[in-house]
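Asker: Next comes input_1.cif, mmCIF, C-alpha atoms:
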```cif
data_start
#
loop_
_atom_site.group_PDB
_atom_site.id
_atom_site.type_symbol
_atom_site.label_atom_id
_atom_site.label_comp_id
_atom_site.auth_asym_id
_atom_site.auth_seq_id
_atom_site.Cartn_x
_atom_site.Cartn_y
_atom_site.Cartn_z
ATOM 1 C CA MET Y 74 0.000 0.000 0.000
ATOM 2 C CA ASN Y 75 1.461 3.389 -0.951
ATOM 3 C CA PHE Y 76 1.479 6.547 1.194
ATOM 4 C CA LEU Y 77 -1.765 7.848 -0.295
ATOM 5 C CA GLU Y 78 -3.654 4.573 -0.030
ATOM 6 C CA GLU Y 79 -2.647 4.358 3.631
ATOM 7 C CA ARG Y 80 -4.000 7.847 4.246
ATOM 8 C CA ILE Y 81 -7.262 7.090 2.434
ATOM 9 C CA VAL Y 82 -7.781 3.984 4.570
ATOM 10 C CA LYS Y 83 -6.957 5.926 7.749
ATOM 11 C CA ASP Y 84 -8.987 9.111 7.138
ATOM 12 C CA GLY Y 85 -11.238 8.603 4.099
ATOM 13 C CA ILE Y 86 -14.964 8.088 4.596
ATOM 14 C CA VAL Y 87 -17.007 6.014 2.157
ATOM 15 C CA LYS Y 88 -20.518 7.383 1.620
ATOM 16 C CA LYS Y 89 -23.481 6.028 -0.306
ATOM 17 C CA GLY Y 90 -23.508 6.698 -4.043
ATOM 18 C CA ASN Y 91 -19.809 5.888 -4.604
ATOM 19 C CA VAL Y 92 -18.662 9.017 -2.796
ATOM 20 C CA LEU Y 93 -15.315 9.046 -0.998
ATOM 21 C CA LYS Y 94 -14.844 11.918 1.449
ATOM 22 C CA VAL Y 95 -11.205 12.928 1.755
ATOM 23 C CA ASP Y 96 -11.934 16.476 2.840
ATOM 24 C CA SER Y 97 -9.975 16.149 6.096
ATOM 25 C CA PHE Y 98 -6.654 15.964 4.220
ATOM 26 C CA LEU Y 99 -7.054 16.603 0.471
ATOM 27 C CA ASN Y 100 -9.820 18.845 -0.794
ATOM 28 C CA HIS Y 101 -11.179 20.969 2.048
ATOM 29 C CA GLN Y 102 -8.530 20.868 4.732
ATOM 30 C CA MET Y 103 -5.134 20.097 3.240
ATOM 31 C CA ASP Y 104 -2.290 18.179 4.830
ATOM 32 C CA ILE Y 105 0.661 20.182 3.536
ATOM 33 C CA ALA Y 106 3.229 17.428 4.110
ATOM 34 C CA LEU Y 107 1.006 15.076 2.095
ATOM 35 C CA MET Y 108 0.640 17.703 -0.658
ATOM 36 C CA GLU Y 109 4.431 17.953 -0.857
ATOM 37 C CA GLU Y 110 4.677 14.161 -1.201
ATOM 38 C CA ILE Y 111 2.019 14.216 -3.926
ATOM 39 C CA GLY Y 112 3.908 16.943 -5.807
ATOM 40 C CA LYS Y 113 7.154 14.950 -5.626
ATOM 41 C CA GLU Y 114 5.438 11.742 -6.743
ATOM 42 C CA PHE Y 115 3.941 13.413 -9.820
ATOM 43 C CA LYS Y 116 7.364 14.887 -10.615
ATOM 44 C CA ARG Y 117 8.832 11.379 -10.336
ATOM 45 C CA ARG Y 118 6.149 9.912 -12.603
ATOM 46 C CA PHE Y 119 6.188 12.673 -15.243
ATOM 47 C CA GLY Y 120 9.825 13.748 -14.931
ATOM 48 C CA ASP Y 121 10.518 12.206 -18.345
ATOM 49 C CA ARG Y 122 8.126 14.669 -19.998
ATOM 50 C CA GLU Y 123 8.700 18.254 -21.011
ATOM 51 C CA VAL Y 124 6.318 20.284 -18.843
ATOM 52 C CA THR Y 125 6.040 24.063 -19.245
ATOM 53 C CA LYS Y 126 2.704 24.519 -17.468
ATOM 54 C CA VAL Y 127 0.447 22.689 -15.005
ATOM 55 C CA LEU Y 128 -3.315 22.971 -15.577
ATOM 56 C CA THR Y 129 -6.159 22.090 -13.224
ATOM 57 C CA ILE Y 130 -9.764 23.036 -12.566
ATOM 58 C CA GLU Y 131 -11.091 25.011 -9.634
ATOM 59 C CA ALA Y 132 -11.456 24.473 -6.790
ATOM 60 C CA SER Y 133 -10.145 21.206 -5.363
ATOM 61 C CA GLY Y 134 -7.340 20.788 -7.867
ATOM 62 C CA ILE Y 135 -5.694 24.141 -7.182
ATOM 63 C CA GLY Y 136 -3.719 23.269 -4.054
ATOM 64 C CA ILE Y 137 -2.533 19.962 -5.472
ATOM 65 C CA ALA Y 138 -1.528 21.469 -8.812
ATOM 66 C CA ALA Y 139 0.394 24.244 -7.051
ATOM 67 C CA PHE Y 140 2.626 21.673 -5.333
ATOM 68 C CA VAL Y 141 3.133 19.846 -8.631
ATOM 69 C CA ALA Y 142 4.003 23.084 -10.445
ATOM 70 C CA LYS Y 143 6.502 23.926 -7.676
ATOM 71 C CA GLU Y 144 8.268 20.590 -8.267
ATOM 72 C CA PHE Y 145 8.493 21.255 -12.016
ATOM 73 C CA GLY Y 146 9.417 24.923 -11.529
ATOM 74 C CA VAL Y 147 6.661 26.084 -13.894
ATOM 75 C CA PRO Y 148 3.494 28.191 -13.615
ATOM 76 C CA MET Y 149 0.152 26.668 -12.695
ATOM 77 C CA VAL Y 150 -3.105 27.859 -14.215
ATOM 78 C CA PHE Y 151 -6.584 26.766 -13.277
ATOM 79 C CA ALA Y 152 -9.761 26.710 -15.306
ATOM 80 C CA LYS Y 153 -12.397 28.907 -13.675
ATOM 81 C CA LYS Y 154 -15.963 27.712 -13.388
ATOM 82 C CA SER Y 155 -17.474 31.117 -13.944
ATOM 83 C CA LYS Y 156 -16.559 34.273 -15.759
ATOM 84 C CA SER Y 157 -15.836 37.260 -13.569
ATOM 85 C CA ILE Y 158 -15.170 40.897 -14.343
ATOM 86 C CA ASN Y 159 -11.473 40.206 -13.709
ATOM 87 C CA ILE Y 160 -11.224 37.987 -16.781
ATOM 88 C CA ASP Y 161 -10.994 39.939 -19.968
ATOM 89 C CA GLY Y 162 -10.068 39.181 -23.533
ATOM 90 C CA ASP Y 163 -10.271 35.911 -25.389
ATOM 91 C CA MET Y 164 -10.850 32.668 -23.533
ATOM 92 C CA PHE Y 165 -10.801 28.940 -24.096
ATOM 93 C CA VAL Y 166 -14.103 27.422 -22.948
ATOM 94 C CA ALA Y 167 -15.236 23.852 -22.294
ATOM 95 C CA GLU Y 168 -18.323 22.381 -20.674
ATOM 96 C CA VAL Y 169 -17.737 19.856 -17.890
ATOM 97 C CA GLU Y 170 -20.074 17.802 -15.765
ATOM 98 C CA SER Y 171 -19.221 17.210 -12.110
ATOM 99 C CA PHE Y 172 -19.783 13.711 -10.693
ATOM 100 C CA THR Y 173 -19.659 15.046 -7.128
ATOM 101 C CA HIS Y 174 -21.880 18.097 -7.588
ATOM 102 C CA LYS Y 175 -24.180 16.605 -10.248
ATOM 103 C CA ASN Y 176 -24.119 19.745 -12.371
ATOM 104 C CA LYS Y 177 -22.570 21.136 -15.547
ATOM 105 C CA ASN Y 178 -20.251 24.117 -15.667
ATOM 106 C CA GLN Y 179 -18.531 26.012 -18.391
ATOM 107 C CA VAL Y 180 -14.874 26.276 -17.480
ATOM 108 C CA ILE Y 181 -12.670 28.978 -18.886
ATOM 109 C CA VAL Y 182 -8.975 29.734 -19.246
ATOM 110 C CA SER Y 183 -7.750 33.068 -20.497
ATOM 111 C CA LYS Y 184 -5.813 32.763 -23.744
ATOM 112 C CA ARG Y 185 -3.128 34.919 -22.107
ATOM 113 C CA PHE Y 186 -2.170 31.991 -19.853
ATOM 114 C CA LEU Y 187 -2.147 29.061 -22.282
ATOM 115 C CA SER Y 188 -0.141 29.410 -25.457
ATOM 116 C CA GLU Y 189 0.416 27.434 -28.613
ATOM 117 C CA GLY Y 190 3.234 24.924 -28.275
ATOM 118 C CA GLU Y 191 3.201 24.735 -24.480
ATOM 119 C CA HIS Y 192 3.625 21.337 -22.853
ATOM 120 C CA VAL Y 193 0.861 20.899 -20.290
ATOM 121 C CA LEU Y 194 0.526 18.487 -17.406
ATOM 122 C CA ILE Y 195 -3.100 18.253 -16.265
ATOM 123 C CA ILE Y 196 -3.639 17.588 -12.541
ATOM 124 C CA ASP Y 197 -6.875 16.816 -10.688
ATOM 125 C CA ASP Y 198 -7.929 15.385 -7.356
ATOM 126 C CA PHE Y 199 -10.427 12.778 -8.597
ATOM 127 C CA LEU Y 200 -11.133 10.889 -11.799
ATOM 128 C CA ALA Y 201 -14.597 9.305 -11.951
ATOM 129 C CA ASN Y 202 -16.402 9.700 -15.287
ATOM 130 C CA GLY Y 203 -13.630 11.734 -16.916
ATOM 131 C CA CYS Y 204 -15.707 14.791 -17.813
ATOM 132 C CA ALA Y 205 -13.408 17.320 -16.133
ATOM 133 C CA LEU Y 206 -10.326 15.793 -17.766
ATOM 134 C CA GLN Y 207 -11.978 15.781 -21.172
ATOM 135 C CA GLY Y 208 -12.847 19.456 -20.740
ATOM 136 C CA LEU Y 209 -9.277 20.353 -19.747
ATOM 137 C CA ILE Y 210 -7.855 18.289 -22.628
ATOM 138 C CA SER Y 211 -10.199 20.149 -24.989
ATOM 139 C CA ILE Y 212 -8.916 23.488 -23.695
ATOM 140 C CA VAL Y 213 -5.257 22.451 -24.137
ATOM 141 C CA GLU Y 214 -5.924 21.237 -27.662
ATOM 142 C CA SER Y 215 -7.855 24.428 -28.506
ATOM 143 C CA ALA Y 216 -4.690 26.321 -27.576
ATOM 144 C CA ASN Y 217 -2.646 24.117 -29.943
ATOM 145 C CA ALA Y 218 -0.651 23.043 -26.913
ATOM 146 C CA VAL Y 219 0.483 19.506 -26.035
ATOM 147 C CA VAL Y 220 -1.048 17.355 -23.294
ATOM 148 C CA GLU Y 221 1.985 15.670 -21.706
ATOM 149 C CA GLY Y 222 -0.151 13.640 -19.326
ATOM 150 C CA CYS Y 223 -2.873 13.622 -16.709
ATOM 151 C CA GLY Y 224 -1.974 13.231 -13.043
ATOM 152 C CA ILE Y 225 -4.818 12.103 -10.812
ATOM 153 C CA VAL Y 226 -4.643 11.804 -7.052
ATOM 154 C CA ILE Y 227 -7.542 9.318 -6.677
ATOM 155 C CA GLU Y 228 -9.098 7.400 -9.558
ATOM 156 C CA LYS Y 229 -12.353 5.507 -9.150
ATOM 157 C CA GLY Y 230 -11.318 2.534 -11.264
ATOM 158 C CA PHE Y 231 -14.804 1.036 -11.121
ATOM 159 C CA GLN Y 232 -16.104 4.010 -13.122
ATOM 160 C CA PHE Y 233 -15.321 4.479 -16.802
ATOM 161 C CA GLY Y 234 -13.415 7.799 -16.871
ATOM 162 C CA GLY Y 235 -9.891 6.417 -16.633
ATOM 163 C CA ARG Y 236 -10.550 3.859 -19.338
ATOM 164 C CA VAL Y 237 -12.036 6.520 -21.661
ATOM 165 C CA ILE Y 238 -9.088 8.917 -21.279
ATOM 166 C CA ARG Y 239 -6.501 6.144 -21.697
ATOM 167 C CA ASN Y 240 -8.348 4.811 -24.771
ATOM 168 C CA LEU Y 241 -8.088 8.299 -26.281
ATOM 169 C CA GLY Y 242 -4.307 7.831 -26.093
ATOM 170 C CA TYR Y 243 -3.469 10.036 -23.115
ATOM 171 C CA ARG Y 244 -1.071 9.005 -20.393
ATOM 172 C CA VAL Y 245 -2.900 8.885 -17.054
ATOM 173 C CA GLU Y 246 -1.005 8.370 -13.792
ATOM 174 C CA SER Y 247 -3.190 7.886 -10.729
ATOM 175 C CA LEU Y 248 -1.600 7.760 -7.285
ATOM 176 C CA ALA Y 249 -4.401 5.569 -5.931
ATOM 177 C CA ILE Y 250 -6.895 3.578 -7.996
ATOM 178 C CA ILE Y 251 -9.959 2.328 -6.143
ATOM 179 C CA ASP Y 252 -11.602 -0.774 -7.578
ATOM 180 C CA ALA Y 253 -14.387 -1.012 -4.998
ATOM 181 C CA MET Y 254 -15.853 0.860 -2.022
ATOM 182 C CA ASP Y 255 -18.464 -0.390 0.438
ATOM 183 C CA SER Y 256 -20.425 2.299 2.276
ATOM 184 C CA GLU Y 257 -21.796 -0.291 4.746
ATOM 185 C CA THR Y 258 -18.410 -1.587 5.897
ATOM 186 C CA GLY Y 259 -16.189 1.325 4.870
ATOM 187 C CA ILE Y 260 -13.873 -1.129 3.105
ATOM 188 C CA ILE Y 261 -11.913 0.246 0.152
ATOM 189 C CA THR Y 262 -10.247 -2.077 -2.345
ATOM 190 C CA PHE Y 263 -7.261 -0.637 -4.229
ATOM 191 C CA ARG Y 264 -5.920 -1.797 -7.574
ATOM 192 C CA GLU Y 265 -2.358 -3.065 -7.476
ATOM 193 C CA GLN Y 266 -0.079 -0.764 -9.470
#
```
Reformat the file's structure so that it appears as structure tokens.
Answerer:
Amino acid sequence: MNFLEERIVKDGIVKKGNVLKVDSFLNHQMDIALMEEIGKEFKRRFGDREVTKVLTIEASGIGIAAFVAKEFGVPMVFAKKSKSINIDGDMFVAEVESFTHKNKNQVIVSKRFLSEGEHVLIIDDFLANGCALQGLISIVESANAVVEGCGIVIEKGFQFGGRVIRNLGYRVESLAIIDAMDSETGIITFREQ
């Protein structure tokens, strides 16, 4: 069991509807030492790739992606879920559906922060149905930039998102892949990697 799987077993809470709560250490309250380990692990896994920018989606991916970007020594940009008066000029836009929130959002990235020819590492906290990743991939490709890979903290391997993204030819590295969760017992089964 790796460092992340151990933490999920210790502090994760399995809820009905295939929901895993990891808000005590990952996506509400953040364990900074764990975030540093996650950043280093993604650097280890994608260190063979040219990465000029890290891209994520607000809000839960921001902290994680910041630690990854620090390891690569590159900027991090996040797709916003709503347009504000602070965003001006041309934008890349994609529609994404959230498994957790059961809604659709348009996500936007200013064209000032994603340029043609950049080499982008996409980072997110969860991969379930793959909608967020597909939206971020669409934005990178709209910029005529290169997707160097997708780094996922927790993949729900029993859902189809990981398979879809891999079948599209993208490299996906997930730090923990869950094959089954039981809300009655709280038991989580991880895929061997």
Asker: Check the smallest atom-to-atom distance from each of Y:Lys116, Y:Lys89, Y:Arg122, Y:Lys94 to Val193 in chain Y using only C-alpha atoms, then report the winner.
Answerer: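 Using only C-alpha atoms, Val193 in chain Y sits closest to Y:Arg122.
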Asker: For range 146-153 of chain Y, work out the shell of residues within 8 Å, counting all atoms listed in the file and skipping chain neighbours fewer than 6 positions away, then give it as a PDB file with C-alpha atoms, keeping the file's coordinate frame.
Answerer:
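Everything below was put into around-v2.pdb:
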```
ATOM      1  CA  VAL Y 124       6.318  20.284 -18.843  1.00  0.00           C
ATOM      2  CA  THR Y 125       6.040  24.063 -19.245  1.00  0.00           C
ATOM      3  CA  LYS Y 126       2.704  24.519 -17.468  1.00  0.00           C
ATOM      4  CA  VAL Y 127       0.447  22.689 -15.005  1.00  0.00           C
ATOM      5  CA  LEU Y 128      -3.315  22.971 -15.577  1.00  0.00           C
ATOM      6  CA  THR Y 129      -6.159  22.090 -13.224  1.00  0.00           C
ATOM      7  CA  ILE Y 130      -9.764  23.036 -12.566  1.00  0.00           C
ATOM      8  CA  GLU Y 131     -11.091  25.011  -9.634  1.00  0.00           C
ATOM      9  CA  ILE Y 135      -5.694  24.141  -7.182  1.00  0.00           C
ATOM     10  CA  ALA Y 138      -1.528  21.469  -8.812  1.00  0.00           C
ATOM     11  CA  ALA Y 139       0.394  24.244  -7.051  1.00  0.00           C
ATOM     12  CA  VAL Y 180     -14.874  26.276 -17.480  1.00  0.00           C
ATOM     13  CA  ILE Y 181     -12.670  28.978 -18.886  1.00  0.00           C
ATOM     14  CA  VAL Y 182      -8.975  29.734 -19.246  1.00  0.00           C
ATOM     15  CA  PHE Y 186      -2.170  31.991 -19.853  1.00  0.00           C
ATOM     16  CA  LEU Y 209      -9.277  20.353 -19.747  1.00  0.00           C
TER      17      LEU Y 209
END
```
Asker: Kindly indicate which residue among Y:Gln207, Y:Ser256, Y:Ser133, Y:Gln232 lies nearest to Gly85 in chain Y, using all atoms listed in the file for the distances.
Answerer: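 Residue with the minimum atom-to-atom distance to Gly85 in chain Y: Y:Ser256.
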Asker: Determine the nearest neighbour of Glu228 in chain Y from the options Y:Ile210, Y:Ile250, Y:Val169, Y:Val245, counting all atoms listed in the file.
Answerer: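 Closest candidate: Y:Ile250.
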Asker: Skipping near chain neighbours, those fewer than 6 positions away, what residues fall within 9 Å of Leu99 in chain Y using all atoms listed in the file, listed as a PDB file with C-alpha atoms, in the coordinates of the input?
Answerer:
```pdb
ATOM      1  CA  LEU Y 107       1.006  15.076   2.095  1.00  0.00           C
ATOM      2  CA  MET Y 108       0.640  17.703  -0.658  1.00  0.00           C
ATOM      3  CA  SER Y 133     -10.145  21.206  -5.363  1.00  0.00           C
ATOM      4  CA  GLY Y 136      -3.719  23.269  -4.054  1.00  0.00           C
ATOM      5  CA  ILE Y 137      -2.533  19.962  -5.472  1.00  0.00           C
ATOM      6  CA  ASP Y 198      -7.929  15.385  -7.356  1.00  0.00           C
TER       7      ASP Y 198
END
```
Asker: Take range 182-255 of chain Y from the preceding structure and save C-alpha atoms as a JSON list (two decimals), in the first residue's frame.
Answerer:
```json
[["chain", "number", "residue", "atom", "x", "y", "z"],
["Y", 182, "VAL", "CA", -8.98, 29.73, -19.25],
["Y", 183, "SER", "CA", -7.75, 33.07, -20.50],
["Y", 184, "LYS", "CA", -5.81, 32.76, -23.74],
["Y", 185, "ARG", "CA", -3.13, 34.92, -22.11],
["Y", 186, "PHE", "CA", -2.17, 31.99, -19.85],
["Y", 187, "LEU", "CA", -2.15, 29.06, -22.28],
["Y", 188, "SER", "CA", -0.14, 29.41, -25.46],
["Y", 189, "GLU", "CA", 0.42, 27.43, -28.61],
["Y", 190, "GLY", "CA", 3.23, 24.92, -28.28],
["Y", 191, "GLU", "CA", 3.20, 24.73, -24.48],
["Y", 192, "HIS", "CA", 3.62, 21.34, -22.85],
["Y", 193, "VAL", "CA", 0.86, 20.90, -20.29],
["Y", 194, "LEU", "CA", 0.53, 18.49, -17.41],
["Y", 195, "ILE", "CA", -3.10, 18.25, -16.27],
["Y", 196, "ILE", "CA", -3.64, 17.59, -12.54],
["Y", 197, "ASP", "CA", -6.87, 16.82, -10.69],
["Y", 198, "ASP", "CA", -7.93, 15.38, -7.36],
["Y", 199, "PHE", "CA", -10.43, 12.78, -8.60],
["Y", 200, "LEU", "CA", -11.13, 10.89, -11.80],
["Y", 201, "ALA", "CA", -14.60, 9.30, -11.95],
["Y", 202, "ASN", "CA", -16.40, 9.70, -15.29],
["Y", 203, "GLY", "CA", -13.63, 11.73, -16.92],
["Y", 204, "CYS", "CA", -15.71, 14.79, -17.81],
["Y", 205, "ALA", "CA", -13.41, 17.32, -16.13],
["Y", 206, "LEU", "CA", -10.33, 15.79, -17.77],
["Y", 207, "GLN", "CA", -11.98, 15.78, -21.17],
["Y", 208, "GLY", "CA", -12.85, 19.46, -20.74],
["Y", 209, "LEU", "CA", -9.28, 20.35, -19.75],
["Y", 210, "ILE", "CA", -7.86, 18.29, -22.63],
["Y", 211, "SER", "CA", -10.20, 20.15, -24.99],
["Y", 212, "ILE", "CA", -8.92, 23.49, -23.69],
["Y", 213, "VAL", "CA", -5.26, 22.45, -24.14],
["Y", 214, "GLU", "CA", -5.92, 21.24, -27.66],
["Y", 215, "SER", "CA", -7.85, 24.43, -28.51],
["Y", 216, "ALA", "CA", -4.69, 26.32, -27.58],
["Y", 217, "ASN", "CA", -2.65, 24.12, -29.94],
["Y", 218, "ALA", "CA", -0.65, 23.04, -26.91],
["Y", 219, "VAL", "CA", 0.48, 19.51, -26.04],
["Y", 220, "VAL", "CA", -1.05, 17.36, -23.29],
["Y", 221, "GLU", "CA", 1.98, 15.67, -21.71],
["Y", 222, "GLY", "CA", -0.15, 13.64, -19.33],
["Y", 223, "CYS", "CA", -2.87, 13.62, -16.71],
["Y", 224, "GLY", "CA", -1.97, 13.23, -13.04],
["Y", 225, "ILE", "CA", -4.82, 12.10, -10.81],
["Y", 226, "VAL", "CA", -4.64, 11.80, -7.05],
["Y", 227, "ILE", "CA", -7.54, 9.32, -6.68],
["Y", 228, "GLU", "CA", -9.10, 7.40, -9.56],
["Y", 229, "LYS", "CA", -12.35, 5.51, -9.15],
["Y", 230, "GLY", "CA", -11.32, 2.53, -11.26],
["Y", 231, "PHE", "CA", -14.80, 1.04, -11.12],
["Y", 232, "GLN", "CA", -16.10, 4.01, -13.12],
["Y", 233, "PHE", "CA", -15.32, 4.48, -16.80],
["Y", 234, "GLY", "CA", -13.42, 7.80, -16.87],
["Y", 235, "GLY", "CA", -9.89, 6.42, -16.63],
["Y", 236, "ARG", "CA", -10.55, 3.86, -19.34],
["Y", 237, "VAL", "CA", -12.04, 6.52, -21.66],
["Y", 238, "ILE", "CA", -9.09, 8.92, -21.28],
["Y", 239, "ARG", "CA", -6.50, 6.14, -21.70],
["Y", 240, "ASN", "CA", -8.35, 4.81, -24.77],
["Y", 241, "LEU", "CA", -8.09, 8.30, -26.28],
["Y", 242, "GLY", "CA", -4.31, 7.83, -26.09],
["Y", 243, "TYR", "CA", -3.47, 10.04, -23.11],
["Y", 244, "ARG", "CA", -1.07, 9.01, -20.39],
["Y", 245, "VAL", "CA", -2.90, 8.88, -17.05],
["Y", 246, "GLU", "CA", -1.01, 8.37, -13.79],
["Y", 247, "SER", "CA", -3.19, 7.89, -10.73],
["Y", 248, "LEU", "CA", -1.60, 7.76, -7.29],
["Y", 249, "ALA", "CA", -4.40, 5.57, -5.93],
["Y", 250, "ILE", "CA", -6.89, 3.58, -8.00],
["Y", 251, "ILE", "CA", -9.96, 2.33, -6.14],
["Y", 252, "ASP", "CA", -11.60, -0.77, -7.58],
["Y", 253, "ALA", "CA", -14.39, -1.01, -5.00],
["Y", 254, "MET", "CA", -15.85, 0.86, -2.02],
["Y", 255, "ASP", "CA", -18.46, -0.39, 0.44]]
```
